[in-house]
Structure formats: C-alpha cells, structure tokens
>>> print(open('target_29.cif').read())   # mmCIF, N, CA and C atoms
data_work
#
loop_
_atom_site.label_atom_id
_atom_site.label_comp_id
_atom_site.auth_asym_id
_atom_site.auth_seq_id
_atom_site.Cartn_x
_atom_site.Cartn_y
_atom_site.Cartn_z
N MET A 1 113.76 90.60 117.79
CA MET A 1 112.98 91.82 117.85
C MET A 1 112.27 92.08 116.53
N THR A 2 112.96 91.88 115.40
CA THR A 2 112.36 92.11 114.08
C THR A 2 111.15 91.22 113.87
N VAL A 3 111.21 89.97 114.32
CA VAL A 3 110.10 89.04 114.17
C VAL A 3 108.89 89.53 114.94
N ILE A 4 109.10 90.02 116.16
CA ILE A 4 108.00 90.53 116.97
C ILE A 4 107.37 91.74 116.31
N VAL A 5 108.16 92.67 115.83
CA VAL A 5 107.64 93.86 115.16
C VAL A 5 106.84 93.46 113.93
N ALA A 6 107.36 92.54 113.14
CA ALA A 6 106.65 92.10 111.94
C ALA A 6 105.32 91.47 112.32
N TYR A 7 105.31 90.66 113.38
CA TYR A 7 104.07 90.03 113.82
C TYR A 7 103.04 91.07 114.24
N VAL A 8 103.48 92.08 115.00
CA VAL A 8 102.58 93.13 115.47
C VAL A 8 102.06 93.95 114.30
N LEU A 9 102.93 94.30 113.36
CA LEU A 9 102.50 95.12 112.23
C LEU A 9 101.61 94.36 111.26
N TRP A 10 101.93 93.13 110.99
CA TRP A 10 101.20 92.36 109.98
C TRP A 10 100.14 91.46 110.57
N GLY A 11 100.21 91.15 111.85
CA GLY A 11 99.23 90.27 112.46
C GLY A 11 99.47 88.83 112.05
N ALA A 12 98.81 87.94 112.71
CA ALA A 12 99.02 86.51 112.44
C ALA A 12 98.51 86.12 111.07
N GLY A 13 97.51 86.80 110.56
CA GLY A 13 96.90 86.40 109.29
C GLY A 13 97.35 87.23 108.11
N GLY A 14 98.37 88.00 108.23
CA GLY A 14 98.83 88.84 107.12
C GLY A 14 98.36 90.27 107.31
N PRO A 15 98.69 91.13 106.37
CA PRO A 15 98.33 92.54 106.52
C PRO A 15 96.82 92.74 106.47
N ALA A 16 96.32 93.58 107.34
CA ALA A 16 94.90 93.90 107.35
C ALA A 16 94.63 94.98 106.30
N GLU A 17 93.43 94.95 105.76
CA GLU A 17 93.04 96.00 104.82
C GLU A 17 92.92 97.30 105.59
N PRO A 18 93.41 98.41 105.05
CA PRO A 18 93.34 99.68 105.77
C PRO A 18 91.89 100.09 106.03
N VAL A 19 91.69 100.94 107.01
CA VAL A 19 90.38 101.48 107.30
C VAL A 19 90.18 102.70 106.40
N TYR A 20 89.06 102.73 105.72
CA TYR A 20 88.78 103.84 104.81
C TYR A 20 87.73 104.75 105.43
N ARG A 21 88.00 106.05 105.36
CA ARG A 21 87.07 107.05 105.88
C ARG A 21 86.56 107.91 104.73
N LEU A 22 85.26 108.19 104.78
CA LEU A 22 84.67 109.07 103.78
C LEU A 22 85.03 110.50 104.11
N ARG A 23 85.19 111.31 103.05
CA ARG A 23 85.58 112.71 103.23
C ARG A 23 84.65 113.60 102.41
N PRO A 24 83.40 113.77 102.89
CA PRO A 24 82.42 114.53 102.12
C PRO A 24 82.71 116.02 102.00
N ASP A 25 83.65 116.53 102.77
CA ASP A 25 83.99 117.96 102.69
C ASP A 25 85.22 118.23 101.82
N ASP A 26 85.78 117.18 101.24
CA ASP A 26 86.94 117.30 100.36
C ASP A 26 86.43 117.56 98.94
N ILE A 27 86.51 118.81 98.52
CA ILE A 27 85.92 119.22 97.24
C ILE A 27 86.52 118.48 96.05
N ARG A 28 87.83 118.30 96.05
CA ARG A 28 88.47 117.58 94.95
C ARG A 28 88.00 116.13 94.90
N LEU A 29 87.95 115.50 96.06
CA LEU A 29 87.54 114.10 96.13
C LEU A 29 86.08 113.93 95.73
N THR A 30 85.20 114.80 96.22
CA THR A 30 83.78 114.65 95.89
C THR A 30 83.51 114.97 94.41
N ALA A 31 84.31 115.84 93.81
CA ALA A 31 84.16 116.08 92.36
C ALA A 31 84.48 114.80 91.59
N MET A 32 85.57 114.12 91.99
CA MET A 32 85.89 112.84 91.37
C MET A 32 84.78 111.84 91.66
N GLY A 33 84.27 111.84 92.89
CA GLY A 33 83.22 110.91 93.27
C GLY A 33 81.95 111.09 92.47
N GLN A 34 81.61 112.33 92.16
CA GLN A 34 80.42 112.57 91.33
C GLN A 34 80.61 111.97 89.95
N ARG A 35 81.81 112.09 89.39
CA ARG A 35 82.08 111.50 88.08
C ARG A 35 82.02 109.98 88.14
N VAL A 36 82.61 109.40 89.17
CA VAL A 36 82.59 107.94 89.33
C VAL A 36 81.16 107.45 89.53
N TYR A 37 80.42 108.13 90.39
CA TYR A 37 79.02 107.75 90.64
C TYR A 37 78.21 107.81 89.34
N SER A 38 78.35 108.87 88.59
CA SER A 38 77.60 109.01 87.34
C SER A 38 77.92 107.89 86.36
N ALA A 39 79.19 107.51 86.30
CA ALA A 39 79.62 106.48 85.35
C ALA A 39 79.33 105.06 85.82
N GLN A 40 79.40 104.81 87.11
CA GLN A 40 79.34 103.43 87.61
C GLN A 40 78.09 103.09 88.44
N CYS A 41 77.44 104.07 89.03
CA CYS A 41 76.40 103.78 90.02
C CYS A 41 75.01 104.29 89.64
N ALA A 42 74.96 105.42 88.93
CA ALA A 42 73.69 106.09 88.68
C ALA A 42 72.71 105.25 87.86
N ALA A 43 73.19 104.37 87.01
CA ALA A 43 72.30 103.56 86.19
C ALA A 43 71.35 102.73 87.06
N CYS A 44 71.81 102.28 88.21
CA CYS A 44 70.97 101.49 89.12
C CYS A 44 70.44 102.31 90.29
N HIS A 45 71.30 103.12 90.90
CA HIS A 45 70.92 103.84 92.11
C HIS A 45 70.30 105.20 91.82
N GLY A 46 70.25 105.61 90.55
CA GLY A 46 69.59 106.85 90.17
C GLY A 46 70.50 108.05 90.17
N ALA A 47 70.28 108.92 89.20
CA ALA A 47 71.10 110.14 89.07
C ALA A 47 70.93 111.05 90.28
N ARG A 48 69.77 110.97 90.94
CA ARG A 48 69.50 111.81 92.12
C ARG A 48 69.54 110.96 93.41
N LEU A 49 70.21 109.80 93.34
CA LEU A 49 70.38 108.90 94.49
C LEU A 49 69.06 108.26 94.92
N GLU A 50 68.05 108.26 94.04
CA GLU A 50 66.71 107.83 94.41
C GLU A 50 66.50 106.32 94.43
N GLY A 51 67.42 105.55 93.88
CA GLY A 51 67.28 104.10 93.87
C GLY A 51 66.20 103.63 92.89
N GLN A 52 65.96 102.33 92.91
CA GLN A 52 64.96 101.73 92.04
C GLN A 52 63.63 101.57 92.78
N ALA A 53 62.56 101.49 92.01
CA ALA A 53 61.22 101.31 92.59
C ALA A 53 61.18 100.00 93.37
N ASN A 54 60.37 100.00 94.41
CA ASN A 54 60.15 98.80 95.22
C ASN A 54 61.46 98.18 95.72
N TRP A 55 62.38 99.00 96.13
CA TRP A 55 63.72 98.54 96.50
C TRP A 55 63.75 97.65 97.74
N ARG A 56 62.67 97.60 98.48
CA ARG A 56 62.61 96.73 99.66
C ARG A 56 62.01 95.35 99.36
N GLU A 57 61.58 95.14 98.13
CA GLU A 57 60.92 93.89 97.74
C GLU A 57 61.76 93.13 96.72
N ARG A 58 62.00 91.86 96.99
CA ARG A 58 62.78 91.03 96.08
C ARG A 58 62.03 90.84 94.77
N GLY A 59 62.79 90.86 93.69
CA GLY A 59 62.22 90.63 92.37
C GLY A 59 62.06 89.13 92.11
N LEU A 60 61.60 88.79 90.93
CA LEU A 60 61.42 87.39 90.55
C LEU A 60 62.73 86.61 90.59
N ASP A 61 63.83 87.31 90.42
CA ASP A 61 65.15 86.67 90.47
C ASP A 61 65.66 86.48 91.91
N GLY A 62 64.87 86.92 92.90
CA GLY A 62 65.26 86.79 94.29
C GLY A 62 66.17 87.89 94.80
N LYS A 63 66.47 88.86 93.94
CA LYS A 63 67.38 89.94 94.30
C LYS A 63 66.60 91.21 94.60
N LEU A 64 67.16 92.00 95.52
CA LEU A 64 66.56 93.29 95.84
C LEU A 64 66.97 94.32 94.79
N PRO A 65 66.06 95.21 94.39
CA PRO A 65 66.45 96.32 93.52
C PRO A 65 67.44 97.24 94.25
N ALA A 66 68.10 98.07 93.49
CA ALA A 66 69.09 99.00 94.06
C ALA A 66 68.41 99.99 94.99
N PRO A 67 68.90 100.10 96.23
CA PRO A 67 68.30 101.03 97.18
C PRO A 67 68.71 102.46 96.89
N PRO A 68 67.93 103.41 97.42
CA PRO A 68 68.34 104.81 97.30
C PRO A 68 69.54 105.08 98.19
N HIS A 69 70.34 106.05 97.78
CA HIS A 69 71.46 106.49 98.61
C HIS A 69 71.20 107.86 99.21
N ASP A 70 69.99 108.37 99.02
CA ASP A 70 69.64 109.64 99.63
C ASP A 70 69.18 109.39 101.08
N ALA A 71 68.65 110.40 101.72
CA ALA A 71 68.25 110.28 103.13
C ALA A 71 67.12 109.29 103.34
N SER A 72 66.36 108.96 102.29
CA SER A 72 65.24 108.03 102.44
C SER A 72 65.68 106.57 102.47
N GLY A 73 66.92 106.31 102.10
CA GLY A 73 67.42 104.94 102.07
C GLY A 73 68.09 104.55 103.36
N HIS A 74 68.85 103.48 103.31
CA HIS A 74 69.51 103.00 104.52
C HIS A 74 71.03 103.05 104.42
N THR A 75 71.57 103.65 103.39
CA THR A 75 73.02 103.72 103.22
C THR A 75 73.67 104.33 104.45
N TRP A 76 73.10 105.39 104.94
CA TRP A 76 73.69 106.11 106.08
C TRP A 76 73.57 105.33 107.39
N HIS A 77 72.91 104.18 107.36
CA HIS A 77 72.83 103.32 108.55
C HIS A 77 74.06 102.43 108.69
N HIS A 78 74.94 102.47 107.72
CA HIS A 78 76.15 101.64 107.72
C HIS A 78 77.38 102.53 107.83
N ASP A 79 78.36 102.10 108.61
CA ASP A 79 79.55 102.92 108.78
C ASP A 79 80.41 102.93 107.51
N ASP A 80 81.37 103.84 107.51
CA ASP A 80 82.23 104.02 106.34
C ASP A 80 82.87 102.71 105.88
N GLU A 81 83.38 101.97 106.83
CA GLU A 81 84.12 100.74 106.49
C GLU A 81 83.22 99.72 105.81
N LEU A 82 82.00 99.53 106.31
CA LEU A 82 81.10 98.56 105.67
C LEU A 82 80.68 99.05 104.29
N LEU A 83 80.41 100.33 104.14
CA LEU A 83 80.06 100.86 102.82
C LEU A 83 81.19 100.62 101.83
N PHE A 84 82.42 100.84 102.27
CA PHE A 84 83.58 100.60 101.40
C PHE A 84 83.65 99.13 101.01
N ARG A 85 83.52 98.23 102.00
CA ARG A 85 83.64 96.80 101.74
C ARG A 85 82.52 96.30 100.83
N ILE A 86 81.30 96.79 101.02
CA ILE A 86 80.18 96.40 100.14
C ILE A 86 80.49 96.80 98.71
N THR A 87 80.97 98.02 98.53
CA THR A 87 81.26 98.51 97.19
C THR A 87 82.42 97.75 96.56
N LYS A 88 83.45 97.51 97.32
CA LYS A 88 84.64 96.84 96.77
C LYS A 88 84.42 95.35 96.56
N HIS A 89 83.85 94.67 97.55
CA HIS A 89 83.79 93.21 97.52
C HIS A 89 82.41 92.62 97.24
N GLY A 90 81.37 93.45 97.25
CA GLY A 90 80.01 92.95 97.08
C GLY A 90 79.37 92.67 98.44
N VAL A 91 78.05 92.62 98.45
CA VAL A 91 77.30 92.48 99.69
C VAL A 91 77.61 91.16 100.40
N ALA A 92 77.58 90.05 99.67
CA ALA A 92 77.75 88.74 100.30
C ALA A 92 79.08 88.64 101.04
N LYS A 93 80.16 89.03 100.40
CA LYS A 93 81.47 88.94 101.04
C LYS A 93 81.61 89.96 102.16
N ALA A 94 81.14 91.18 101.94
CA ALA A 94 81.27 92.23 102.95
C ALA A 94 80.51 91.89 104.22
N ALA A 95 79.35 91.28 104.07
CA ALA A 95 78.51 90.95 105.23
C ALA A 95 78.69 89.50 105.68
N ASN A 96 79.62 88.80 105.05
CA ASN A 96 79.90 87.40 105.37
C ASN A 96 78.63 86.54 105.26
N LEU A 97 77.91 86.75 104.16
CA LEU A 97 76.69 86.00 103.86
C LEU A 97 76.95 85.18 102.60
N LYS A 98 77.44 83.98 102.78
CA LYS A 98 77.93 83.15 101.68
C LYS A 98 76.94 83.03 100.51
N ASP A 99 75.69 82.77 100.80
CA ASP A 99 74.71 82.49 99.74
C ASP A 99 73.79 83.67 99.42
N TYR A 100 74.17 84.87 99.81
CA TYR A 100 73.32 86.04 99.57
C TYR A 100 73.38 86.44 98.10
N ALA A 101 72.23 86.46 97.45
CA ALA A 101 72.15 86.84 96.04
C ALA A 101 71.91 88.35 95.95
N SER A 102 72.73 89.01 95.17
CA SER A 102 72.63 90.46 95.02
C SER A 102 72.97 90.87 93.60
N ALA A 103 72.28 91.88 93.13
CA ALA A 103 72.59 92.44 91.82
C ALA A 103 73.75 93.43 91.90
N MET A 104 74.14 93.78 93.12
CA MET A 104 75.24 94.73 93.32
C MET A 104 76.56 94.06 92.95
N PRO A 105 77.24 94.60 91.94
CA PRO A 105 78.53 94.02 91.56
C PRO A 105 79.62 94.42 92.54
N ALA A 106 80.65 93.65 92.60
CA ALA A 106 81.85 94.01 93.35
C ALA A 106 82.72 94.86 92.42
N TYR A 107 83.27 95.94 92.93
CA TYR A 107 84.08 96.85 92.11
C TYR A 107 85.57 96.66 92.29
N ASP A 108 85.97 95.61 93.00
CA ASP A 108 87.39 95.29 93.14
C ASP A 108 87.94 94.99 91.75
N GLY A 109 88.99 95.70 91.37
CA GLY A 109 89.56 95.52 90.04
C GLY A 109 88.92 96.39 88.97
N VAL A 110 87.80 97.03 89.31
CA VAL A 110 87.12 97.95 88.38
C VAL A 110 87.42 99.39 88.80
N LEU A 111 87.26 99.66 90.09
CA LEU A 111 87.54 100.98 90.64
C LEU A 111 88.69 100.86 91.63
N SER A 112 89.50 101.90 91.70
CA SER A 112 90.56 101.94 92.71
C SER A 112 89.91 102.22 94.06
N ASP A 113 90.65 101.97 95.13
CA ASP A 113 90.15 102.29 96.47
C ASP A 113 89.82 103.77 96.57
N GLU A 114 90.66 104.63 95.99
CA GLU A 114 90.39 106.07 96.02
C GLU A 114 89.09 106.41 95.30
N GLU A 115 88.82 105.76 94.17
CA GLU A 115 87.57 106.02 93.44
C GLU A 115 86.35 105.57 94.24
N ILE A 116 86.48 104.45 94.95
CA ILE A 116 85.38 103.98 95.80
C ILE A 116 85.12 104.98 96.92
N VAL A 117 86.18 105.40 97.60
CA VAL A 117 86.04 106.40 98.67
C VAL A 117 85.46 107.69 98.10
N ALA A 118 85.89 108.07 96.92
CA ALA A 118 85.39 109.30 96.30
C ALA A 118 83.89 109.21 96.03
N ALA A 119 83.44 108.12 95.43
CA ALA A 119 82.01 107.97 95.13
C ALA A 119 81.19 107.97 96.41
N LEU A 120 81.63 107.24 97.42
CA LEU A 120 80.91 107.20 98.68
C LEU A 120 80.95 108.56 99.39
N SER A 121 82.06 109.27 99.27
CA SER A 121 82.16 110.61 99.87
C SER A 121 81.20 111.56 99.18
N TRP A 122 81.07 111.45 97.85
CA TRP A 122 80.13 112.31 97.14
C TRP A 122 78.70 111.99 97.58
N ILE A 123 78.37 110.71 97.69
CA ILE A 123 77.03 110.33 98.16
C ILE A 123 76.77 110.99 99.52
N LYS A 124 77.70 110.83 100.45
CA LYS A 124 77.51 111.41 101.79
C LYS A 124 77.40 112.93 101.73
N SER A 125 78.11 113.56 100.82
CA SER A 125 78.06 115.02 100.71
C SER A 125 76.67 115.52 100.30
N GLN A 126 75.86 114.63 99.76
CA GLN A 126 74.51 114.99 99.31
C GLN A 126 73.46 114.86 100.41
N TRP A 127 73.82 114.24 101.52
CA TRP A 127 72.86 114.04 102.60
C TRP A 127 72.64 115.34 103.37
N PRO A 128 71.43 115.51 103.93
CA PRO A 128 71.19 116.67 104.80
C PRO A 128 72.13 116.63 106.01
N ALA A 129 72.40 117.79 106.59
CA ALA A 129 73.33 117.90 107.72
C ALA A 129 72.96 116.96 108.86
N GLN A 130 71.68 116.81 109.16
CA GLN A 130 71.25 115.95 110.26
C GLN A 130 71.63 114.48 109.99
N ILE A 131 71.46 114.03 108.76
CA ILE A 131 71.79 112.64 108.40
C ILE A 131 73.31 112.45 108.44
N ARG A 132 74.04 113.42 107.93
CA ARG A 132 75.51 113.34 107.97
C ARG A 132 75.99 113.25 109.42
N SER A 133 75.39 114.04 110.28
CA SER A 133 75.77 114.02 111.69
C SER A 133 75.47 112.66 112.32
N ARG A 134 74.33 112.09 112.01
CA ARG A 134 73.98 110.76 112.54
C ARG A 134 74.96 109.71 112.02
N HIS A 135 75.36 109.84 110.75
CA HIS A 135 76.33 108.90 110.18
C HIS A 135 77.69 109.07 110.85
N ASP A 136 78.09 110.29 111.12
CA ASP A 136 79.34 110.54 111.85
C ASP A 136 79.28 109.90 113.24
N ASP A 137 78.12 110.02 113.91
CA ASP A 137 77.95 109.40 115.23
C ASP A 137 78.08 107.89 115.14
N LEU A 138 77.52 107.30 114.09
CA LEU A 138 77.63 105.85 113.88
C LEU A 138 79.10 105.43 113.71
N ASN A 139 79.85 106.19 112.92
CA ASN A 139 81.26 105.89 112.74
C ASN A 139 82.01 105.97 114.08
N ARG A 140 81.73 107.01 114.86
CA ARG A 140 82.39 107.15 116.16
C ARG A 140 82.02 105.98 117.08
N ALA A 141 80.76 105.58 117.08
CA ALA A 141 80.31 104.47 117.92
C ALA A 141 80.99 103.17 117.54
N ASN A 142 81.35 103.03 116.26
CA ASN A 142 82.02 101.83 115.78
C ASN A 142 83.54 101.97 115.79
N GLY A 143 84.02 103.04 116.44
CA GLY A 143 85.46 103.24 116.58
C GLY A 143 86.14 103.67 115.30
N ARG A 144 85.43 104.34 114.42
CA ARG A 144 85.99 104.77 113.15
C ARG A 144 86.02 106.28 113.06
#
>>> encode(input="target_29.cif", output="structure tokens")
Amino acid sequence: MTVIVAYVLWGAGGPAEPVYRLRPDDIRLTAMGQRVYSAQCAACHGARLEGQANWRERGLDGKLPAPPHDASGHTWHHDDELLFRITKHGVAKAANLKDYASAMPAYDGVLSDEEIVAALSWIKSQWPAQIRSRHDDLNRANGR
C-alpha cells in the first residue's frame, strides 16, 4: 500500500513542481513584488512596465528586446504557470525551445519562488480590470 501511495503522490518521474497562482489582491505580496520588480525587472521591462522600444523586432544579436508587462504587451496572454516558469527557468526551458535565444535571464537560484510569484502578482495588479478578468479566464480555461 505504501508503494502505491508513494507512486501516486510522487508520480513515475519524481515530484512535480507545484502549481503557482498569482495573487494580485494580496497587498503584502504585491508590496514585496513591487520591490522585487524594481530591483530585478525594471531595468529591462521599464519602471512603468512599458518594456523596451521595438520589442517585437529582433536585435542584431538575434534576441527580442524586453516586452512590456502592461496591457499593451502580451504577458497577460500567458497563464500563471507559464509566467512563473518563464521567470524561474527562462524562456527556452519554459517553452521547451532548446535553441531559443533570449536576453531574459532565468531567476532560479536568484529569486525564491515566493519572490517570483510576488513580482508577477504585482505586475498583474497593475493591469486594468478588463485585462485581469481576461487573464483569470485564461487561467480557468487552462485548469488553473
């Protein structure tokens, strides 16, 4: 019985990474997220979430500039789990694109999981209500 329970809990490939949910209405968490964003993200993505110029066009190095995280960008087109994985592991690993070149660093070992969720929660807290609602719908559609 113990073997079966262990198999069900851990799965055949070992423990799965937990599912992370953004909490844009958690005032304590978003305050931490604003600090994390300012220290780790704003240099590229902008203090006002505006991103870098020409963010849809690859530079001479073949990499895309940092996209905006405001309503004009595409951040809200991705569910919570993918946003977390991109931030923690980098775009290539999160999207399973082996040779994808990106200027986005992986924050695994730099930020804790809570700090990543906090920064992403603060970003989401800045979106207009309509965009937040659409993002919530996306999470529900993806079973999150």
>>> residues_around(input="target_29.cif", residues="Ser102 (chain A)", least_positions_apart="3", cutoff="6 Å", atoms="only N, CA and C atoms", output="VMD selection string")
chain A and resid 63 to 64 105
>>> closest_residue(input="target_29.cif", among="A:His89, A:Ala118, A:Leu22, A:Tyr37", to="Met104 (chain A)", atoms="only N, CA and C atoms")
A:His89
>>> atom_distance(input="target_29.cif", atom1="CA of Cys41 (chain A)", atom2="CA of Ala101 (chain A)")
18.5 Å
>>> closest_residue(input="target_29.cif", among="A:Asn54, A:Ile123, A:Asp25, A:Tyr20", to="Phe84 (chain A)", atoms="only N, CA and C atoms")
A:Tyr20
>>> atom_distance(input="target_29.cif", atom1="CA of Tyr100 (chain A)", atom2="CA of Val36 (chain A)")
25.9 Å
>>> atom_distance(input="target_29.cif", atom1="atom N of Trp76 (chain A)", atom2="atom N of Ile131 (chain A)")
9.6 Å
>>> residues_around(input="target_29.cif", residues="Ala119 (chain A)", least_positions_apart="4", cutoff="12 Å", atoms="only C-alpha atoms", output="ChimeraX atom specification")
/A:21-24,26,28-42,49,69,80,83-84,87-88,107,111-115,123-126
>>> write_last_selection(input="target_29.cif", atoms="N, CA and C atoms", output="mmCIF file, keeping the file's coordinate frame")
data_model
loop_
_atom_site.group_PDB
_atom_site.id
_atom_site.type_symbol
_atom_site.label_atom_id
_atom_site.label_comp_id
_atom_site.auth_asym_id
_atom_site.auth_seq_id
_atom_site.Cartn_x
_atom_site.Cartn_y
_atom_site.Cartn_z
ATOM 1 N N ARG A 21 88.000 106.050 105.360
ATOM 2 C CA ARG A 21 87.070 107.050 105.880
ATOM 3 C C ARG A 21 86.560 107.910 104.730
ATOM 4 N N LEU A 22 85.260 108.190 104.780
ATOM 5 C CA LEU A 22 84.670 109.070 103.780
ATOM 6 C C LEU A 22 85.030 110.500 104.110
ATOM 7 N N ARG A 23 85.190 111.310 103.050
ATOM 8 C CA ARG A 23 85.580 112.710 103.230
ATOM 9 C C ARG A 23 84.650 113.600 102.410
ATOM 10 N N PRO A 24 83.400 113.770 102.890
ATOM 11 C CA PRO A 24 82.420 114.530 102.120
ATOM 12 C C PRO A 24 82.710 116.020 102.000
ATOM 13 N N ASP A 26 85.780 117.180 101.240
ATOM 14 C CA ASP A 26 86.940 117.300 100.360
ATOM 15 C C ASP A 26 86.430 117.560 98.940
ATOM 16 N N ARG A 28 87.830 118.300 96.050
ATOM 17 C CA ARG A 28 88.470 117.580 94.950
ATOM 18 C C ARG A 28 88.000 116.130 94.900
ATOM 19 N N LEU A 29 87.950 115.500 96.060
ATOM 20 C CA LEU A 29 87.540 114.100 96.130
ATOM 21 C C LEU A 29 86.080 113.930 95.730
ATOM 22 N N THR A 30 85.200 114.800 96.220
ATOM 23 C CA THR A 30 83.780 114.650 95.890
ATOM 24 C C THR A 30 83.510 114.970 94.410
ATOM 25 N N ALA A 31 84.310 115.840 93.810
ATOM 26 C CA ALA A 31 84.160 116.080 92.360
ATOM 27 C C ALA A 31 84.480 114.800 91.590
ATOM 28 N N MET A 32 85.570 114.120 91.990
ATOM 29 C CA MET A 32 85.890 112.840 91.370
ATOM 30 C C MET A 32 84.780 111.840 91.660
ATOM 31 N N GLY A 33 84.270 111.840 92.890
ATOM 32 C CA GLY A 33 83.220 110.910 93.270
ATOM 33 C C GLY A 33 81.950 111.090 92.470
ATOM 34 N N GLN A 34 81.610 112.330 92.160
ATOM 35 C CA GLN A 34 80.420 112.570 91.330
ATOM 36 C C GLN A 34 80.610 111.970 89.950
ATOM 37 N N ARG A 35 81.810 112.090 89.390
ATOM 38 C CA ARG A 35 82.080 111.500 88.080
ATOM 39 C C ARG A 35 82.020 109.980 88.140
ATOM 40 N N VAL A 36 82.610 109.400 89.170
ATOM 41 C CA VAL A 36 82.590 107.940 89.330
ATOM 42 C C VAL A 36 81.160 107.450 89.530
ATOM 43 N N TYR A 37 80.420 108.130 90.390
ATOM 44 C CA TYR A 37 79.020 107.750 90.640
ATOM 45 C C TYR A 37 78.210 107.810 89.340
ATOM 46 N N SER A 38 78.350 108.870 88.590
ATOM 47 C CA SER A 38 77.600 109.010 87.340
ATOM 48 C C SER A 38 77.920 107.890 86.360
ATOM 49 N N ALA A 39 79.190 107.510 86.300
ATOM 50 C CA ALA A 39 79.620 106.480 85.350
ATOM 51 C C ALA A 39 79.330 105.060 85.820
ATOM 52 N N GLN A 40 79.400 104.810 87.110
ATOM 53 C CA GLN A 40 79.340 103.430 87.610
ATOM 54 C C GLN A 40 78.090 103.090 88.440
ATOM 55 N N CYS A 41 77.440 104.070 89.030
ATOM 56 C CA CYS A 41 76.400 103.780 90.020
ATOM 57 C C CYS A 41 75.010 104.290 89.640
ATOM 58 N N ALA A 42 74.960 105.420 88.930
ATOM 59 C CA ALA A 42 73.690 106.090 88.680
ATOM 60 C C ALA A 42 72.710 105.250 87.860
ATOM 61 N N LEU A 49 70.210 109.800 93.340
ATOM 62 C CA LEU A 49 70.380 108.900 94.490
ATOM 63 C C LEU A 49 69.060 108.260 94.920
ATOM 64 N N HIS A 69 70.340 106.050 97.780
ATOM 65 C CA HIS A 69 71.460 106.490 98.610
ATOM 66 C C HIS A 69 71.200 107.860 99.210
ATOM 67 N N ASP A 80 81.370 103.840 107.510
ATOM 68 C CA ASP A 80 82.230 104.020 106.340
ATOM 69 C C ASP A 80 82.870 102.710 105.880
ATOM 70 N N LEU A 83 80.410 100.330 104.140
ATOM 71 C CA LEU A 83 80.060 100.860 102.820
ATOM 72 C C LEU A 83 81.190 100.620 101.830
ATOM 73 N N PHE A 84 82.420 100.840 102.270
ATOM 74 C CA PHE A 84 83.580 100.600 101.400
ATOM 75 C C PHE A 84 83.650 99.130 101.010
ATOM 76 N N THR A 87 80.970 98.020 98.530
ATOM 77 C CA THR A 87 81.260 98.510 97.190
ATOM 78 C C THR A 87 82.420 97.750 96.560
ATOM 79 N N LYS A 88 83.450 97.510 97.320
ATOM 80 C CA LYS A 88 84.640 96.840 96.770
ATOM 81 C C LYS A 88 84.420 95.350 96.560
ATOM 82 N N TYR A 107 83.270 95.940 92.930
ATOM 83 C CA TYR A 107 84.080 96.850 92.110
ATOM 84 C C TYR A 107 85.570 96.660 92.290
ATOM 85 N N LEU A 111 87.260 99.660 90.090
ATOM 86 C CA LEU A 111 87.540 100.980 90.640
ATOM 87 C C LEU A 111 88.690 100.860 91.630
ATOM 88 N N SER A 112 89.500 101.900 91.700
ATOM 89 C CA SER A 112 90.560 101.940 92.710
ATOM 90 C C SER A 112 89.910 102.220 94.060
ATOM 91 N N ASP A 113 90.650 101.970 95.130
ATOM 92 C CA ASP A 113 90.150 102.290 96.470
ATOM 93 C C ASP A 113 89.820 103.770 96.570
ATOM 94 N N GLU A 114 90.660 104.630 95.990
ATOM 95 C CA GLU A 114 90.390 106.070 96.020
ATOM 96 C C GLU A 114 89.090 106.410 95.300
ATOM 97 N N GLU A 115 88.820 105.760 94.170
ATOM 98 C CA GLU A 115 87.570 106.020 93.440
ATOM 99 C C GLU A 115 86.350 105.570 94.240
ATOM 100 N N ILE A 123 78.370 110.710 97.690
ATOM 101 C CA ILE A 123 77.030 110.330 98.160
ATOM 102 C C ILE A 123 76.770 110.990 99.520
ATOM 103 N N LYS A 124 77.700 110.830 100.450
ATOM 104 C CA LYS A 124 77.510 111.410 101.790
ATOM 105 C C LYS A 124 77.400 112.930 101.730
ATOM 106 N N SER A 125 78.110 113.560 100.820
ATOM 107 C CA SER A 125 78.060 115.020 100.710
ATOM 108 C C SER A 125 76.670 115.520 100.300
ATOM 109 N N GLN A 126 75.860 114.630 99.760
ATOM 110 C CA GLN A 126 74.510 114.990 99.310
ATOM 111 C C GLN A 126 73.460 114.860 100.410
#
>>> closest_residue(input="target_29.cif", among="A:Val91, A:Pro67, A:Ile27, A:Leu97", to="Gln52 (chain A)", atoms="all atoms listed in the file")
A:Pro67
>>> closest_residue(input="target_29.cif", among="A:Asp108, A:Arg85, A:Ala103, A:Pro128", to="Gly59 (chain A)", atoms="only C-alpha atoms")
A:Ala103
>>> closest_residue(input="target_29.cif", among="A:Ala66, A:His135, A:Ala92, A:Ile86", to="Val117 (chain A)", atoms="only C-alpha atoms")
A:Ile86
>>> residues_around(input="target_29.cif", residues="region 136-139 of chain A", least_positions_apart="4", cutoff="8 Å", atoms="all atoms listed in the file", output="number ranges by chain")
A: 76-81, 130-132, 143-144
>>> axis_aligned_box(input="target_29.cif", around="region 65-75 of chain A", padding_each_side="6 Å", output="JSON")
{"center_x": 69.5, "center_y": 102.8, "center_z": 99.0, "size_x": 20.4, "size_y": 27.2, "size_z": 23.0}
